[in-house]
file data01.txt (compact mmCIF, C-alpha atoms and all ligand atoms)
# COMPACT_ATOMS: atom_id res chain seq x y z
CA MET A 216 -80.41 128.74 114.56
CA VAL A 217 -82.45 126.99 117.20
CA SER A 218 -85.97 128.41 117.19
CA GLU A 219 -87.71 129.60 120.35
CA LYS A 220 -91.01 128.14 119.16
CA LYS A 221 -92.00 124.73 120.41
CA ASP A 222 -91.41 121.67 118.22
CA ILE A 223 -94.88 120.40 117.33
CA ARG A 224 -93.49 116.87 116.95
CA ALA A 225 -92.71 116.81 120.66
CA LEU A 226 -96.47 116.70 121.32
CA SER A 227 -98.28 113.39 121.68
CA LYS A 228 -101.52 112.83 119.80
CA GLU A 229 -103.46 113.52 122.97
CA GLU A 230 -101.59 116.79 123.52
CA LEU A 231 -102.31 117.86 119.97
CA ARG A 232 -106.02 117.13 120.46
CA GLU A 233 -105.99 119.18 123.66
CA PHE A 234 -104.24 122.04 121.89
CA PHE A 235 -106.97 122.27 119.26
CA VAL A 236 -109.71 122.19 121.87
CA SER A 237 -107.89 124.98 123.75
CA ILE A 238 -108.07 127.24 120.68
CA GLY A 239 -111.75 126.52 120.15
CA ASP A 240 -111.31 123.98 117.36
CA LYS A 241 -112.28 120.30 117.27
CA ALA A 242 -110.14 117.64 118.97
CA PHE A 243 -110.26 115.69 115.72
CA ARG A 244 -108.07 118.37 114.11
CA GLY A 245 -105.30 117.00 116.34
CA ASN A 246 -105.61 113.60 114.70
CA GLN A 247 -105.38 115.14 111.25
CA VAL A 248 -102.25 117.11 112.10
CA TYR A 249 -100.75 114.07 113.79
CA GLU A 250 -101.21 112.06 110.63
CA TRP A 251 -99.57 114.77 108.52
CA LEU A 252 -96.59 114.79 110.82
CA TRP A 253 -96.11 111.08 111.37
CA ASN A 254 -97.66 109.23 108.46
CA LYS A 255 -97.13 111.66 105.60
CA GLY A 256 -93.92 113.10 107.05
CA ILE A 257 -94.42 116.68 105.88
CA HIS A 258 -92.08 119.45 107.02
CA ASN A 259 -94.21 122.55 106.31
CA PHE A 260 -97.52 123.61 107.79
CA GLU A 261 -98.68 124.85 104.39
CA ASP A 262 -98.63 121.27 103.10
CA MET A 263 -101.43 120.30 105.51
CA THR A 264 -104.03 120.77 102.80
CA ASN A 265 -107.11 119.60 104.73
CA ILE A 266 -106.45 122.18 107.47
CA SER A 267 -107.82 125.70 107.00
CA LYS A 268 -105.44 128.49 106.04
CA GLU A 269 -106.23 130.30 109.24
CA THR A 270 -105.40 127.30 111.42
CA ARG A 271 -102.22 126.64 109.51
CA SER A 272 -100.98 130.16 110.10
CA HIS A 273 -101.92 129.87 113.76
CA LEU A 274 -99.76 126.72 113.95
CA GLU A 275 -96.97 128.48 112.12
CA GLN A 276 -96.96 131.28 114.71
CA ASN A 277 -96.76 128.87 117.64
CA PHE A 278 -94.72 125.91 116.47
CA VAL A 279 -91.88 124.71 114.30
CA ILE A 280 -91.58 121.31 112.66
CA ASN A 281 -88.05 120.18 113.49
CA HIS A 282 -86.65 117.60 111.12
CA ILE A 283 -83.41 116.02 110.04
CA GLU A 284 -81.54 116.68 106.80
CA VAL A 285 -79.50 114.06 105.02
CA ASP A 286 -76.27 116.02 104.79
CA SER A 287 -74.27 113.62 102.69
CA LEU A 288 -74.71 110.16 101.31
CA GLN A 289 -72.02 107.58 100.57
CA LYS A 290 -72.58 104.44 98.51
CA SER A 291 -70.59 101.26 99.03
CA ASN A 292 -69.66 98.79 96.29
CA ASP A 293 -71.99 96.28 97.92
CA GLY A 294 -75.05 98.57 97.74
CA THR A 295 -74.86 99.73 101.35
CA ILE A 296 -75.64 103.44 101.74
CA LYS A 297 -74.43 105.56 104.65
CA ASN A 298 -76.19 108.80 105.51
CA ALA A 299 -74.69 111.60 107.52
CA VAL A 300 -77.77 113.04 109.16
CA LYS A 301 -77.84 116.63 110.37
CA LEU A 302 -80.08 117.39 113.34
CA HIS A 303 -81.87 120.70 113.85
CA ASP A 304 -79.19 121.92 116.30
CA GLY A 305 -76.29 121.06 114.01
CA PHE A 306 -75.17 117.72 115.49
CA VAL A 307 -74.56 114.92 113.02
CA VAL A 308 -75.34 111.20 113.40
CA GLU A 309 -75.10 108.38 110.91
CA SER A 310 -77.57 105.82 109.63
CA VAL A 311 -77.12 103.02 107.15
CA LEU A 312 -79.21 101.20 104.53
CA ILE A 313 -78.16 97.58 104.13
CA PRO A 314 -79.69 95.73 101.16
CA THR A 315 -79.57 91.93 100.81
CA LYS A 316 -81.44 89.62 98.44
CA SER A 317 -84.29 89.04 100.83
CA ARG A 318 -84.50 92.26 102.84
CA THR A 319 -83.50 95.88 103.11
CA THR A 320 -82.53 96.95 106.59
CA ALA A 321 -82.17 100.37 108.14
CA CYS A 322 -79.54 100.70 110.85
CA VAL A 323 -80.39 103.77 112.94
CA SER A 324 -78.64 105.83 115.64
CA SER A 325 -80.17 106.54 119.03
CA GLN A 326 -77.67 108.99 120.57
CA VAL A 327 -75.22 111.64 119.40
CA GLY A 328 -72.03 109.78 120.42
CA CYS A 329 -72.46 107.04 123.02
CA SER A 330 -72.88 106.71 126.79
CA LEU A 331 -70.76 103.56 126.95
CA ASP A 332 -67.09 102.77 126.42
CA CYS A 333 -66.57 99.63 124.31
CA LYS A 334 -62.88 99.79 123.40
CA PHE A 335 -63.34 98.23 119.96
CA CYS A 336 -66.04 100.65 118.79
CA ALA A 337 -65.36 103.91 116.96
CA THR A 338 -68.52 105.57 118.27
CA SER A 339 -67.41 105.19 121.90
CA ARG A 340 -64.66 107.71 121.22
CA LEU A 341 -67.24 110.39 120.64
CA LYS A 342 -68.59 111.06 124.07
CA ARG A 343 -72.34 111.21 124.43
CA MET A 344 -73.49 114.70 123.48
CA ARG A 345 -77.22 114.14 123.72
CA ASN A 346 -80.01 111.65 123.23
CA LEU A 347 -81.97 111.66 119.99
CA ASN A 348 -85.64 112.60 120.14
CA PRO A 349 -88.25 110.10 118.92
CA ASP A 350 -88.84 112.09 115.73
CA GLU A 351 -85.11 112.18 114.96
CA ILE A 352 -84.97 108.38 115.06
CA PHE A 353 -88.23 108.09 113.12
CA ASP A 354 -86.93 110.48 110.44
CA GLN A 355 -83.84 108.33 109.87
CA VAL A 356 -86.14 105.41 109.10
CA VAL A 357 -88.25 107.49 106.71
CA ALA A 358 -85.14 108.79 104.91
CA ILE A 359 -83.78 105.27 104.47
CA HIS A 360 -87.14 103.95 103.32
CA LYS A 361 -87.15 106.60 100.57
CA GLU A 362 -83.58 105.71 99.57
CA SER A 363 -84.50 102.04 99.49
CA LEU A 364 -87.31 102.79 97.03
CA LEU A 365 -85.14 105.11 94.97
CA TYR A 366 -81.95 103.05 94.72
CA HIS A 367 -83.14 99.48 95.23
CA ASP A 368 -86.76 99.69 94.11
CA LYS A 369 -87.93 98.00 97.32
CA PRO A 370 -89.54 99.29 100.49
CA LEU A 371 -87.68 99.02 103.76
CA SER A 372 -88.30 95.64 105.40
CA ASN A 373 -86.36 95.69 108.68
CA ILE A 374 -84.90 98.10 111.24
CA VAL A 375 -82.02 97.55 113.61
CA TYR A 376 -81.11 99.93 116.43
CA MET A 377 -77.42 99.29 115.92
CA GLY A 378 -76.13 102.67 114.80
CA MET A 379 -74.51 105.21 117.09
CA GLY A 380 -75.40 105.13 120.75
CA GLU A 381 -76.80 102.83 123.38
CA PRO A 382 -80.57 102.60 122.85
CA LEU A 383 -81.32 101.51 126.41
CA MET A 384 -79.63 104.67 127.72
CA ASN A 385 -82.25 106.60 125.77
CA TYR A 386 -85.08 104.29 126.71
CA LYS A 387 -88.12 106.54 126.57
CA ASN A 388 -87.35 108.16 123.23
CA VAL A 389 -86.34 104.89 121.59
CA LEU A 390 -89.58 103.22 122.65
CA GLU A 391 -91.56 106.25 121.53
CA SER A 392 -89.88 106.08 118.10
CA ILE A 393 -90.79 102.39 117.80
CA LYS A 394 -94.36 103.23 118.72
CA MET A 395 -94.49 105.74 115.85
CA ILE A 396 -92.86 103.30 113.43
CA THR A 397 -95.28 100.49 114.25
CA SER A 398 -98.50 102.46 114.78
CA GLU A 399 -101.42 102.82 112.40
CA GLU A 400 -100.84 106.56 112.01
CA GLY A 401 -97.12 105.98 111.56
CA LEU A 402 -95.33 103.54 109.29
CA ARG A 403 -97.33 100.43 110.17
CA MET A 404 -94.25 98.25 110.39
CA SER A 405 -94.47 95.00 112.31
CA PRO A 406 -92.41 95.04 115.54
CA LYS A 407 -91.19 91.58 114.55
CA ARG A 408 -89.08 93.32 111.92
CA ILE A 409 -87.38 95.56 114.45
CA THR A 410 -84.34 94.61 116.55
CA LEU A 411 -82.93 96.67 119.37
CA SER A 412 -79.27 95.96 120.10
CA THR A 413 -77.89 96.76 123.54
CA SER A 414 -74.45 96.47 125.08
CA GLY A 415 -76.29 94.95 128.03
CA VAL A 416 -77.98 97.19 130.60
CA PRO A 417 -79.65 94.66 132.92
CA LYS A 418 -82.13 96.97 134.60
CA MET A 419 -83.43 98.25 131.29
CA ILE A 420 -83.67 94.76 129.78
CA LYS A 421 -86.02 93.89 132.63
CA LYS A 422 -87.95 97.06 131.98
CA LEU A 423 -88.38 96.06 128.33
CA ALA A 424 -89.87 92.78 129.49
CA ASP A 425 -92.17 94.57 131.95
CA ASP A 426 -93.28 96.97 129.22
CA GLU A 427 -94.18 93.94 127.09
CA VAL A 428 -92.41 95.15 123.99
CA LYS A 429 -92.95 93.11 120.84
CA PHE A 430 -89.68 93.78 119.01
CA ASN A 431 -86.54 91.60 119.08
CA LEU A 432 -83.65 91.98 121.46
CA ALA A 433 -79.96 91.54 120.66
CA VAL A 434 -77.24 91.76 123.29
CA SER A 435 -73.61 92.53 122.46
CA LEU A 436 -71.99 89.89 124.61
CA HIS A 437 -68.48 89.42 123.14
CA SER A 438 -67.31 87.47 126.18
CA ALA A 439 -68.96 85.29 128.80
CA ILE A 440 -66.01 85.72 131.17
CA GLN A 441 -66.46 88.69 133.50
CA GLU A 442 -62.77 89.61 133.60
CA THR A 443 -62.39 89.58 129.84
CA ARG A 444 -65.63 91.47 129.25
CA GLU A 445 -64.56 94.21 131.66
CA GLN A 446 -61.34 94.65 129.72
CA ILE A 447 -63.03 95.24 126.39
CA MET A 448 -66.22 96.86 127.71
CA PRO A 449 -65.22 98.68 130.93
CA PHE A 450 -68.81 99.64 131.81
CA ALA A 451 -69.35 95.91 132.43
CA LYS A 452 -67.74 96.42 135.85
CA SER A 453 -71.05 97.94 136.92
CA PHE A 454 -73.28 95.92 134.59
CA THR A 455 -71.96 92.46 135.46
CA LEU A 456 -72.47 89.25 133.51
CA GLU A 457 -74.34 87.80 136.44
CA ASP A 458 -76.89 90.63 136.41
CA LEU A 459 -77.03 90.51 132.63
CA HIS A 460 -77.77 86.80 132.67
CA GLU A 461 -80.46 87.26 135.26
CA SER A 462 -82.10 90.03 133.23
CA ILE A 463 -82.12 87.82 130.14
CA GLU A 464 -83.72 84.99 132.09
CA TYR A 465 -86.35 87.49 133.17
CA TRP A 466 -86.85 88.68 129.58
CA TYR A 467 -87.31 85.14 128.32
CA ALA A 468 -89.68 84.16 131.11
CA LYS A 469 -91.91 87.13 130.28
CA THR A 470 -91.68 87.29 126.49
CA LYS A 471 -90.85 83.71 125.46
CA ARG A 472 -88.63 85.22 122.78
CA ARG A 473 -85.01 84.23 122.30
CA VAL A 474 -82.30 86.84 122.65
CA THR A 475 -79.58 87.04 120.01
CA TYR A 476 -76.03 87.44 121.31
CA GLU A 477 -73.69 89.40 119.11
CA TYR A 478 -70.19 88.11 119.47
CA ILE A 479 -66.87 89.04 117.88
CA VAL A 480 -63.92 86.66 118.17
CA TRP A 481 -60.63 88.53 118.57
CA LYS A 482 -57.11 87.23 118.45
CA ASP A 483 -55.58 86.77 121.92
CA ILE A 484 -58.69 88.11 123.64
CA ASN A 485 -61.43 85.51 123.44
CA ASP A 486 -60.16 82.87 121.01
CA THR A 487 -59.40 79.96 123.38
CA GLU A 488 -61.35 76.89 124.36
CA LYS A 489 -61.96 78.41 127.78
CA ASP A 490 -63.78 81.34 126.13
CA VAL A 491 -65.91 79.01 124.04
CA ASP A 492 -66.82 76.88 127.03
CA ALA A 493 -67.83 79.95 129.03
CA LEU A 494 -70.11 81.03 126.19
CA VAL A 495 -71.71 77.59 125.95
CA GLN A 496 -72.29 77.66 129.69
CA PHE A 497 -73.77 81.19 129.53
CA CYS A 498 -76.17 80.04 126.81
CA LYS A 499 -77.38 76.92 128.52
CA SER A 500 -80.21 78.01 130.78
CA VAL A 501 -82.06 80.39 128.44
CA PRO A 502 -82.80 79.72 124.75
CA CYS A 503 -80.77 82.07 122.54
CA LYS A 504 -79.03 82.47 119.20
CA ILE A 505 -75.43 83.47 118.56
CA ASN A 506 -74.47 85.85 115.82
CA LEU A 507 -70.73 85.74 115.23
CA ILE A 508 -69.92 89.08 113.69
CA GLU A 509 -66.88 90.04 111.72
CA TYR A 510 -64.63 92.61 113.36
CA ASN A 511 -64.29 95.90 111.51
CA PRO A 512 -60.92 97.39 112.41
CA ILE A 513 -60.96 100.94 113.72
CA ASP A 514 -57.47 102.28 113.08
CA ASP A 515 -54.98 101.49 115.89
CA GLY A 516 -54.77 97.71 115.52
CA GLU A 517 -55.24 96.93 119.22
CA PHE A 518 -57.98 94.49 118.23
CA GLN A 519 -57.64 91.92 115.47
CA GLN A 520 -60.13 89.44 114.13
CA ALA A 521 -59.20 85.91 115.26
CA ASP A 522 -58.28 83.37 112.59
CA ASN A 523 -60.79 80.96 111.10
CA LEU A 524 -59.66 78.08 113.31
CA ALA A 525 -60.88 79.93 116.39
CA LEU A 526 -64.14 80.72 114.66
CA ASP A 527 -64.56 77.07 113.68
CA LEU A 528 -64.01 76.04 117.29
CA TYR A 529 -66.85 78.30 118.38
CA ILE A 530 -69.17 77.05 115.66
CA GLU A 531 -68.38 73.40 116.30
CA LYS A 532 -68.91 73.58 120.07
CA LEU A 533 -72.04 75.70 119.85
CA GLU A 534 -73.58 73.38 117.30
CA LYS A 535 -72.65 70.35 119.37
CA ASN A 536 -74.61 71.92 122.22
CA ARG A 537 -77.53 72.71 119.90
CA ILE A 538 -77.11 76.46 120.22
CA PRO A 539 -78.05 78.10 116.89
CA VAL A 540 -75.13 80.06 115.45
CA THR A 541 -74.83 82.24 112.37
CA VAL A 542 -71.88 84.11 110.97
CA ARG A 543 -72.53 87.65 109.80
CA ARG A 544 -70.36 89.24 107.19
CA SER A 545 -69.69 92.96 107.28
CA ARG A 546 -71.35 95.32 104.86
CA GLY A 547 -70.27 98.74 103.70
CA LYS A 548 -66.73 98.47 105.06
CA ASP A 549 -65.26 100.55 102.24
CA ILE A 550 -67.26 103.59 103.37
CA ASP A 551 -66.84 103.03 107.15
CA ALA A 552 -70.52 102.13 107.39
CA ALA A 553 -70.06 98.75 109.06
CA CYS A 554 -70.82 98.02 112.72
CA GLY A 555 -68.65 99.99 115.09
CA GLN A 556 -67.21 102.18 112.35
CA LEU A 557 -69.71 105.00 112.69
CA ALA A 558 -67.77 107.98 113.93
CA ASN A 559 -68.64 110.93 111.72
CA LYS A 560 -65.32 110.71 109.87
CA SER A 561 -66.69 112.69 106.96
N1 LIG B 1 -74.81 100.12 121.75
C1 LIG B 1 -75.51 99.05 121.09
C2 LIG B 1 -75.80 99.31 119.62
C3 LIG B 1 -74.70 99.91 118.78
S1 LIG B 1 -73.32 98.89 118.35
C4 LIG B 1 -74.76 97.75 121.26
O1 LIG B 1 -73.64 97.76 121.76
O2 LIG B 1 -75.30 96.69 120.94
C5 LIG B 1 -73.96 97.68 117.28
C6 LIG B 1 -73.12 96.38 117.23
O3 LIG B 1 -71.83 96.61 116.63
C7 LIG B 1 -72.81 95.83 118.62
O4 LIG B 1 -73.01 94.43 118.63
C8 LIG B 1 -71.35 96.16 118.79
O5 LIG B 1 -70.72 95.34 119.72
C9 LIG B 1 -70.83 95.98 117.38
N2 LIG B 1 -69.55 96.62 117.13
C10 LIG B 1 -69.01 97.70 117.74
N3 LIG B 1 -67.80 97.97 117.23
C11 LIG B 1 -67.57 97.05 116.26
C12 LIG B 1 -66.50 96.83 115.35
N4 LIG B 1 -65.43 97.61 115.32
N5 LIG B 1 -66.60 95.78 114.49
C13 LIG B 1 -67.70 95.00 114.48
N6 LIG B 1 -68.75 95.18 115.30
C14 LIG B 1 -68.69 96.19 116.19

call {"tool": "encode", "arguments": {"input": "data01.txt", "output": "structure tokens"}}
result
Amino acid sequence: MVSEKKDIRALSKEELREFFVSIGDKAFRGNQVYEWLWNKGIHNFEDMTNISKETRSHLEQNFVINHIEVDSLQKSNDGTIKNAVKLHDGFVVESVLIPTKSRTTACVSSQVGCSLDCKFCATSRLKRMRNLNPDEIFDQVVAIHKESLLYHDKPLSNIVYMGMGEPLMNYKNVLESIKMITSEEGLRMSPKRITLSTSGVPKMIKKLADDEVKFNLAVSLHSAIQETREQIMPFAKSFTLEDLHESIEYWYAKTKRRVTYEYIVWKDINDTEKDVDALVQFCKSVPCKINLIEYNPIDDGEFQQADNLALDLYIEKLEKNRIPVTVRRSRGKDIDAACGQLANKS
């Protein structure tokens, strides 16, 4: 049941301070409650032990503390853990814990379903139902951090916004969640350890630069030929490569930080020399890195990973042009937790 009371986590710190003043209490009480909610992550007013009983029951009468529940948890042979996360109104999203030798990474969702229509991605088949709130993104990180300590004996080290949804189509809430994750009262994580991945929304990439964000940006490029990109990512008809390129130039000029391009090489789609040359050309004017990612099949076989020869051609030409390139192997494939496989199958 969705409660009629207001979610206290929708209030900013300033709003909480004002609330306490409005009931004749001290503004400072707002800071204390804020810390309980965002740093200590409690879900019940009665756990706020430095707040008087009277105030706690006043809060109880006026507010709820909405929070996520980890509904089910699947473990992969490679240590990857996928969470099905239930939201307060019953929707389910997925988030993933990816452990490697040197880091443990949380991959979080930003929307229920997705606003965009990449043909190779399982999430795009679930139409966008709603945006996640900042606290719903934050809670996924907290849940994964706890799992990381429990199952891998290590705190979370990195976060990628690469789960379900297009983060730049939920701009305000995504940035708010990052503020909570990086702030003193929140999780105190360095923004350098956070990467936002976008399918490429030029206007919003420029906005990120204007807002002087300190986290990393990854762009799912997949083709540097407009015609090809439109075929596999139809929204690219409106968000053209030309505009995308311009927005990335803008980002670099303002932030001086390199963008990472995520790129899958598919058989008969982008595996020719012409495709490689277009990518090299696209990369020339602005410093960047290429992450060649393995394709994770999503049932119907329309898309197939290209053979290693095609991959080698990419690597060879990129390296020759001094464009840094890495190859990323998939994790958690056996539990459908890999990139593009998140579709609430369970
Ligand atoms: N909407 C954002 C973030 C979610 S997708 C974006 O597009 O970047 C995260 C990454 O997974 C993207 O690079 C996306 O292109 C990639 N991806 C989607 N489907 C995939 C699949 N089936 N196999 C491998 N990667 C996939």

call {"tool": "residues_near_ligand", "arguments": {"input": "data01.txt", "ligand": "ligand LIG 1 (chain B)", "cutoff": "9 Å", "atoms": "all atoms listed in the file", "output": "PyMOL selection string"}}
result
chain A and resi 324-325+329-331+333-339+375-384+411-415+433-437+476-479+508-513+518+545+553-557

call {"tool": "residues_around", "arguments": {"input": "data01.txt", "residues": "Leu494 of chain A", "least_positions_apart": "5", "cutoff": "8 Å", "atoms": "all atoms listed in the file", "output": "MDAnalysis selection string"}}
result
chainID A and resid 438:440

call {"tool": "residues_around", "arguments": {"input": "data01.txt", "residues": "Ala225 of chain A", "least_positions_apart": "6", "cutoff": "9 Å", "atoms": "all atoms listed in the file", "output": "PyMOL selection string"}}
result
chain A and resi 348-350

call {"tool": "closest_residue", "arguments": {"input": "data01.txt", "among": "A:Asp483, A:Asp425, A:Asp304, A:Glu391", "to": "Phe353 of chain A", "atoms": "all atoms listed in the file"}}
result
A:Glu391

call {"tool": "residues_near_point", "arguments": {"input": "data01.txt", "point": "(-99.8, 123.9, 108.6)", "cutoff": "8 Å", "atoms": "all atoms listed in the file", "output": "VMD selection string"}}
result
chain A and resid 259 to 264 266 268 270 to 272 274 to 275

call {"tool": "residues_around", "arguments": {"input": "data01.txt", "residues": "Ala468 of chain A", "least_positions_apart": "4", "cutoff": "9 Å", "atoms": "only C-alpha atoms", "output": "short mmCIF file (atom, residue, chain, number, x, y, z; two decimals) with C-alpha atoms, in the coordinates of the input"}}
result
data_model
loop_
_atom_site.label_atom_id
_atom_site.label_comp_id
_atom_site.auth_asym_id
_atom_site.auth_seq_id
_atom_site.Cartn_x
_atom_site.Cartn_y
_atom_site.Cartn_z
CA ALA A 424 -89.87 92.78 129.49
CA ILE A 463 -82.12 87.82 130.14
CA GLU A 464 -83.72 84.99 132.09
CA ARG A 472 -88.63 85.22 122.78
CA VAL A 501 -82.06 80.39 128.44
#

call {"tool": "residues_around", "arguments": {"input": "data01.txt", "residues": "Val428 of chain A", "least_positions_apart": "2", "cutoff": "10 Å", "atoms": "only C-alpha atoms", "output": "PyMOL selection string"}}
result
chain A and resi 390+393-394+406+422-426+430-432+470

call {"tool": "residues_around", "arguments": {"input": "data01.txt", "residues": "Asp522 of chain A", "least_positions_apart": "4", "cutoff": "10 Å", "atoms": "all atoms listed in the file", "output": "list in words"}}
result
Val480, Trp481, Lys482, Asp486, Leu526 and Asp527 of chain A

call {"tool": "atom_distance", "arguments": {"input": "data01.txt", "atom1": "atom CA of Lys532 of chain A", "atom2": "atom CA of Trp466 of chain A"}}
result
25.3 Å

call {"tool": "closest_residue", "arguments": {"input": "data01.txt", "among": "A:Gln520, A:Thr319, A:Asn506, A:Ser500", "to": "Arg408 of chain A", "atoms": "all atoms listed in the file"}}
result
A:Thr319
